[in-house]
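What's in protein-v3.txt: compact mmCIF, C-alpha atoms
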```txt
# COMPACT_ATOMS: atom_id res chain seq x y z
CA LEU K 1 167.61 -3.74 74.09
CA GLU K 2 169.34 -7.06 74.83
CA ALA K 3 168.39 -9.41 77.67
CA THR K 4 169.88 -12.73 78.77
CA TYR K 5 168.49 -15.10 81.37
CA PHE K 6 170.89 -17.83 82.40
CA ILE K 7 171.03 -20.98 84.51
CA SER K 8 174.44 -22.43 85.31
CA ASN K 9 174.87 -25.73 87.12
CA GLU K 10 178.24 -26.06 88.82
CA GLY K 11 179.96 -29.01 90.44
CA PRO K 12 180.53 -31.39 91.90
CA LYS K 13 183.03 -29.18 93.70
CA ILE K 14 185.76 -30.36 96.06
CA PHE K 15 184.49 -30.79 99.62
CA ASN K 16 186.35 -31.47 102.89
CA LEU K 17 184.46 -34.48 104.24
CA PRO K 18 185.02 -34.90 108.00
CA VAL K 19 186.32 -38.35 108.92
CA SER K 20 187.15 -40.06 112.20
CA THR K 21 190.41 -38.78 113.68
CA THR K 22 191.27 -42.37 114.61
CA SER K 23 192.21 -42.75 110.94
CA GLY K 24 195.01 -40.25 111.46
CA TYR K 25 193.21 -37.60 109.37
CA SER K 26 190.52 -35.05 110.09
CA SER K 27 188.97 -34.88 106.62
CA ALA K 28 189.06 -36.31 103.12
CA LEU K 29 188.84 -34.40 99.86
CA VAL K 30 185.83 -35.59 97.88
CA ASN K 31 183.66 -34.31 95.02
CA GLY K 32 180.49 -33.43 96.83
CA ILE K 33 179.04 -29.92 96.35
CA LYS K 34 176.68 -28.91 93.56
CA THR K 35 175.29 -25.39 93.16
CA GLN K 36 173.15 -23.56 90.65
CA LYS K 37 173.32 -19.96 89.50
CA LYS K 38 170.29 -18.18 88.04
CA GLY K 39 170.57 -14.65 86.76
CA LEU K 40 169.50 -11.92 84.39
CA GLU K 41 171.53 -9.46 82.35
CA ILE K 42 169.98 -6.51 80.49
CA SER K 43 171.75 -4.05 78.20
CA LEU K 44 170.08 -0.99 76.72
CA THR K 45 171.61 1.30 74.11
CA GLY K 46 170.04 4.35 72.57
CA THR K 47 170.46 7.81 71.08
CA PRO K 48 168.06 10.23 72.76
CA LEU K 49 169.47 13.18 70.75
CA LYS K 50 170.87 13.12 67.22
CA ASN K 51 171.71 16.26 65.26
CA SER K 52 174.39 16.36 62.57
CA ASN K 53 175.01 20.06 63.26
CA GLY K 54 174.29 20.14 66.98
CA LEU K 55 174.13 18.10 70.15
CA ASN K 56 174.30 14.31 70.04
CA TRP K 57 173.69 12.05 73.02
CA ASN K 58 174.38 8.30 73.17
CA ILE K 59 173.65 6.16 76.18
CA LEU K 60 174.50 2.63 77.31
CA ALA K 61 172.89 1.14 80.44
CA ASN K 62 173.58 -2.29 81.98
CA TYR K 63 171.79 -4.24 84.70
CA SER K 64 172.67 -7.67 86.06
CA THR K 65 171.68 -9.90 88.96
CA PHE K 66 172.16 -13.51 89.99
CA VAL K 67 171.59 -15.87 92.90
CA GLU K 68 173.59 -19.03 93.61
CA THR K 69 171.85 -21.76 95.60
CA LEU K 70 173.07 -25.00 97.14
CA LYS K 71 171.61 -27.97 95.28
CA GLU K 72 173.42 -30.98 96.68
CA ILE K 73 175.80 -31.94 99.49
CA TYR K 74 177.83 -35.10 99.84
CA PRO K 75 175.54 -38.02 100.86
CA GLY K 76 175.07 -38.23 104.60
CA VAL K 77 176.13 -34.61 105.25
CA ALA K 78 173.30 -32.39 106.52
CA SER K 79 174.88 -28.94 106.12
CA LEU K 80 177.73 -27.08 104.47
CA ASN K 81 179.95 -24.78 106.53
CA THR K 82 177.79 -25.50 109.61
CA PHE K 83 174.75 -23.48 108.50
CA LEU K 84 174.00 -23.90 104.80
CA LYS K 85 171.41 -26.49 103.82
CA VAL K 86 170.18 -27.65 100.43
CA GLY K 87 168.09 -24.85 98.90
CA ASP K 88 169.91 -22.05 100.73
CA ARG K 89 171.68 -19.17 99.04
CA MET K 90 175.46 -19.64 99.02
CA ASP K 91 176.07 -16.04 100.10
CA LYS K 92 174.11 -16.13 103.36
CA PHE K 93 176.09 -14.33 106.06
CA TYR K 94 176.09 -15.74 109.58
CA GLY K 95 177.79 -14.00 112.48
CA ARG K 96 177.73 -13.12 116.17
CA ALA K 97 174.39 -11.49 116.91
CA PHE K 98 172.46 -10.03 119.85
CA VAL K 99 169.59 -11.74 121.63
CA ARG K 100 166.46 -9.69 121.05
CA THR K 101 162.88 -9.52 122.29
CA PRO K 102 160.09 -10.52 119.89
CA ASP K 103 159.68 -6.83 118.96
CA GLY K 104 163.41 -6.43 118.19
CA GLN K 105 164.86 -4.82 121.32
CA ILE K 106 168.32 -5.89 122.48
CA ILE K 107 168.30 -7.91 125.71
CA ASN K 108 171.08 -6.90 128.11
CA ASP K 109 172.61 -8.83 131.00
CA ALA K 110 172.69 -7.66 134.61
CA SER K 111 175.71 -5.44 133.85
CA GLY K 112 173.74 -3.58 131.17
CA ARG K 113 175.65 -5.03 128.22
CA PRO K 114 174.12 -6.89 125.24
CA ILE K 115 173.74 -10.67 125.40
CA TYR K 116 175.07 -12.66 122.44
CA ALA K 117 173.16 -15.53 120.90
CA PRO K 118 175.02 -18.80 121.63
CA VAL K 119 175.10 -19.69 117.92
CA SER K 120 175.90 -17.43 114.95
CA GLN K 121 172.76 -16.03 113.33
CA TYR K 122 171.74 -15.19 109.78
CA LEU K 123 172.37 -11.45 109.26
CA GLY K 124 171.76 -11.02 105.53
CA ASN K 125 173.15 -11.89 102.11
CA MET K 126 176.63 -10.82 101.04
CA LEU K 127 176.04 -10.45 97.30
CA PRO K 128 174.18 -7.42 95.89
CA LYS K 129 170.58 -7.52 94.70
CA PHE K 130 171.83 -6.10 91.42
CA VAL K 131 174.77 -4.39 89.72
CA PHE K 132 174.32 -1.49 87.30
CA GLY K 133 176.32 0.68 84.94
CA LEU K 134 175.47 3.82 82.98
CA ASN K 135 177.61 5.37 80.25
CA ASN K 136 176.70 8.68 78.60
CA GLN K 137 178.45 10.28 75.64
CA PHE K 138 177.75 13.81 74.41
CA ASP K 139 179.11 15.39 71.23
CA TYR K 140 178.71 19.00 70.16
CA LYS K 141 180.62 20.55 67.27
CA GLY K 142 183.86 18.68 67.89
CA VAL K 143 183.67 18.70 71.68
CA ASN K 144 182.87 15.34 73.27
CA LEU K 145 182.18 14.45 76.88
CA SER K 146 181.59 10.98 78.26
CA PHE K 147 181.19 9.67 81.78
CA GLN K 148 180.55 6.29 83.34
CA PHE K 149 178.60 5.76 86.56
CA ASP K 150 178.22 2.32 88.13
CA GLY K 151 177.56 0.58 91.40
CA ARG K 152 175.94 -2.25 93.30
CA ILE K 153 172.82 -2.25 95.44
CA GLY K 154 172.35 -4.58 98.41
CA GLY K 155 174.49 -7.00 100.34
CA VAL K 156 175.93 -6.76 103.86
CA ILE K 157 179.33 -7.12 105.47
CA SER K 158 180.80 -6.79 108.96
CA ASN K 159 182.98 -3.70 109.31
CA TYR K 160 186.21 -5.00 110.85
CA VAL K 161 187.90 -1.58 110.96
CA GLN K 162 184.96 -0.11 112.90
CA LYS K 163 185.03 -3.07 115.28
CA GLN K 164 188.69 -2.66 116.13
CA THR K 165 188.69 1.14 116.41
CA PHE K 166 185.73 1.11 118.80
CA ARG K 167 187.16 -1.68 120.92
CA GLY K 168 190.57 0.00 120.93
CA GLY K 169 189.07 3.34 121.98
CA ARG K 170 190.18 5.13 118.80
CA HIS K 171 186.90 5.68 116.96
CA ILE K 172 185.89 9.31 116.38
CA ASP K 173 182.40 8.69 117.83
CA LEU K 174 184.00 8.06 121.22
CA VAL K 175 184.94 11.73 121.54
CA THR K 176 181.77 13.28 120.09
CA GLY K 177 178.10 13.47 121.11
CA GLU K 178 176.66 11.41 123.94
CA LEU K 179 179.36 8.75 123.72
CA GLY K 180 182.03 11.42 123.97
CA ALA K 181 180.42 12.96 127.05
CA ALA K 182 180.13 9.58 128.74
CA ARG K 183 183.71 8.70 127.74
CA TYR K 184 184.94 11.73 129.69
CA GLN K 185 183.10 10.32 132.70
CA ASP K 186 185.10 7.10 132.18
CA TYR K 187 188.20 9.23 132.67
CA LEU K 188 186.73 10.56 135.93
CA GLY K 189 185.94 7.02 137.07
CA VAL K 190 182.16 7.49 136.80
CA LYS K 191 179.88 4.97 135.13
CA ALA K 192 177.55 7.13 133.03
CA TRP K 193 176.57 5.20 129.90
CA VAL K 194 173.25 3.34 129.56
CA GLY K 195 173.00 1.13 126.50
CA GLU K 196 169.88 0.66 124.40
CA GLY K 197 167.43 -2.17 124.95
CA VAL K 198 165.94 -3.99 127.93
CA GLN K 199 166.85 -6.36 130.76
CA VAL K 200 165.00 -9.46 131.95
CA ALA K 201 162.93 -8.25 134.90
CA ASN K 202 161.68 -11.46 136.51
CA GLY K 203 165.02 -13.27 136.89
CA ALA K 204 164.09 -15.99 134.41
CA THR K 205 166.88 -17.72 132.51
CA ILE K 206 166.85 -17.38 128.73
CA LYS K 207 166.69 -20.77 127.01
CA TYR K 208 167.81 -21.55 123.48
CA ASP K 209 167.37 -24.29 120.92
CA ALA K 210 170.17 -25.86 118.87
CA ASP K 211 170.05 -22.95 116.37
CA GLY K 212 170.45 -20.30 119.07
CA LYS K 213 166.80 -19.18 118.98
CA VAL K 214 165.08 -18.20 122.23
CA THR K 215 162.50 -20.83 123.16
CA ASN K 216 160.91 -19.37 126.32
CA TYR K 217 159.80 -15.85 125.42
CA ALA K 218 156.51 -16.51 127.23
CA GLU K 219 158.40 -16.88 130.52
CA LEU K 220 160.31 -13.61 130.19
CA THR K 221 159.26 -10.14 131.28
CA TYR K 222 161.32 -7.04 130.54
CA THR K 223 162.20 -3.66 131.93
CA PRO K 224 164.10 -0.86 130.16
CA ASN K 225 167.86 -1.07 130.66
CA THR K 226 168.87 1.45 133.33
CA THR K 227 172.20 -0.03 134.42
CA LYS K 228 175.02 2.48 134.03
CA GLN K 229 178.48 1.36 133.00
CA PHE K 230 181.73 2.60 131.55
CA VAL K 231 181.52 3.43 127.84
CA GLN K 232 184.60 1.38 127.02
CA ASP K 233 183.10 -1.70 128.66
CA TRP K 234 179.90 -1.29 126.64
CA VAL K 235 181.55 -0.72 123.25
CA SER K 236 183.87 -3.65 123.90
CA ARG K 237 180.78 -5.84 124.12
CA TYR K 238 178.52 -4.19 121.53
CA TYR K 239 181.15 -3.82 118.81
CA ASN K 240 182.74 -7.21 119.43
CA SER K 241 179.91 -8.66 117.33
CA ASP K 242 179.12 -8.92 113.66
CA GLU K 243 175.63 -7.47 114.09
CA GLY K 244 176.97 -4.38 115.86
CA ASN K 245 179.28 -3.71 112.90
CA LEU K 246 176.92 -4.73 110.11
CA MET K 247 176.99 -2.37 107.14
CA SER K 248 175.56 -2.24 103.65
CA ARG K 249 177.79 -3.05 100.70
CA SER K 250 175.78 -0.76 98.41
CA PHE K 251 177.71 1.91 96.57
CA GLY K 252 177.65 4.05 93.46
CA MET K 253 180.61 5.79 91.89
CA LEU K 254 181.58 8.05 89.05
CA ARG K 255 184.16 5.75 87.50
CA GLU K 256 185.36 7.70 84.46
CA VAL K 257 185.08 11.13 82.85
CA VAL K 258 186.58 11.85 79.42
CA LEU K 259 186.62 15.27 77.76
CA GLY K 260 187.93 15.61 74.24
CA TYR K 261 188.04 17.92 71.26
CA GLN K 262 188.33 17.03 67.58
CA ILE K 263 190.56 19.55 65.81
CA PRO K 264 188.99 20.70 62.52
CA GLN K 265 190.83 19.27 59.53
CA LYS K 266 191.21 22.71 57.95
CA TRP K 267 193.54 23.68 60.81
CA TYR K 268 196.17 21.11 59.83
CA GLY K 269 195.15 20.14 56.28
CA LYS K 270 198.27 21.73 54.72
CA THR K 271 200.70 20.35 57.30
CA GLY K 272 200.73 16.81 55.91
CA ILE K 273 199.57 15.34 59.25
```

Can the structure in the file be given as structure tokens, please?
Amino acid sequence: LEATYFISNEGPKIFNLPVSTTSGYSSALVNGIKTQKKGLEISLTGTPLKNSNGLNWNILANYSTFVETLKEIYPGVASLNTFLKVGDRMDKFYGRAFVRTPDGQIINDASGRPIYAPVSQYLGNMLPKFVFGLNNQFDYKGVNLSFQFDGRIGGVISNYVQKQTFRGGRHIDLVTGELGAARYQDYLGVKAWVGEGVQVANGATIKYDADGKVTNYAELTYTPNTTKQFVQDWVSRYYNSDEGNLMSRSFGMLREVVLGYQIPQKWYGKTGI
């Protein structure tokens, strides 16, 4: 077993410092960003089975994880890339998100389509929680088999292909199930789709703070969304967001399989090979 814990301080990195446009420039390149990476790597090797005349099994397993945080910004600058502040993870993902009730339901407008928050919201971290790899090797009387399995767990991303195929009316889900049935009603000119979530029932206006958070939940009352609309209008709103297309970056794959055979020496001992 081998384990390594590391801390890596990086920077100062080049930073585009905004300057007054009256100078004839919009920004100046300065050294102004410092970050720190902390992580752990573990490697385990072993031989669960060992038999000189039978089955042998060797294994190698790897695990690694790290987090990079923002430690310093150029003096006088409060945030990096609009949202990141000192102490934040560098891989925080911000994107277009829905306005939701305190219990998580989507709030729709009078047309029955989701309302977007006026400012991009934090939707998750892009980097995985950890990365792993597993290599097994088996040997039995000249026959050897090895395979490698690896992957990453955690992290999010916005699915651009899904976004464009839904909005363009080419996604397979638009011709199957409830969406498919309602899409046919689009063709007939009938509004038949009711999106998930609620609508504001008392006519109150939703108010936001500078970060796009709702500030007047106490003034709002809700009713289930019952407004019918065309499917294409709804998907054009729902899937024109990062939250509506958010997907996990987790995956695991069988990366390599090797099968071999060691020819006994007696078979070619007299050939001079």

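For the residues K:Tyr208, K:Glu178, K:Leu246, K:Phe132, ranking by smallest atom-to-atom distance to Val161 in chain K using only C-alpha atoms places K:Leu246 first.
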
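Considering the residues K:Gly180, K:Asp233, K:Gly24, K:Thr101 and counting all atoms listed in the file, Glu219 in chain K has its shortest atom-to-atom contact with K:Thr101.
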
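Distances to Val119 in chain K were evaluated for K:Val235, K:Val99, K:Leu70, K:Ala3 using only C-alpha atoms, and the minimum falls at K:Val99.
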
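The residue that comes closest to Val143 in chain K, out of K:Leu60, K:Val175, K:Val258, K:Ile206 and on the basis of all atoms listed in the file, is K:Val258.
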
Review point. In Å, how far is it from CA of Lys13 in chain K to CA of Ile33 in chain K?
Key: 4.8 Å

Point to revise | Distance in Å - CA of Ile157 in chain K versus CA of Tyr122 in chain K | key: 11.9 Å
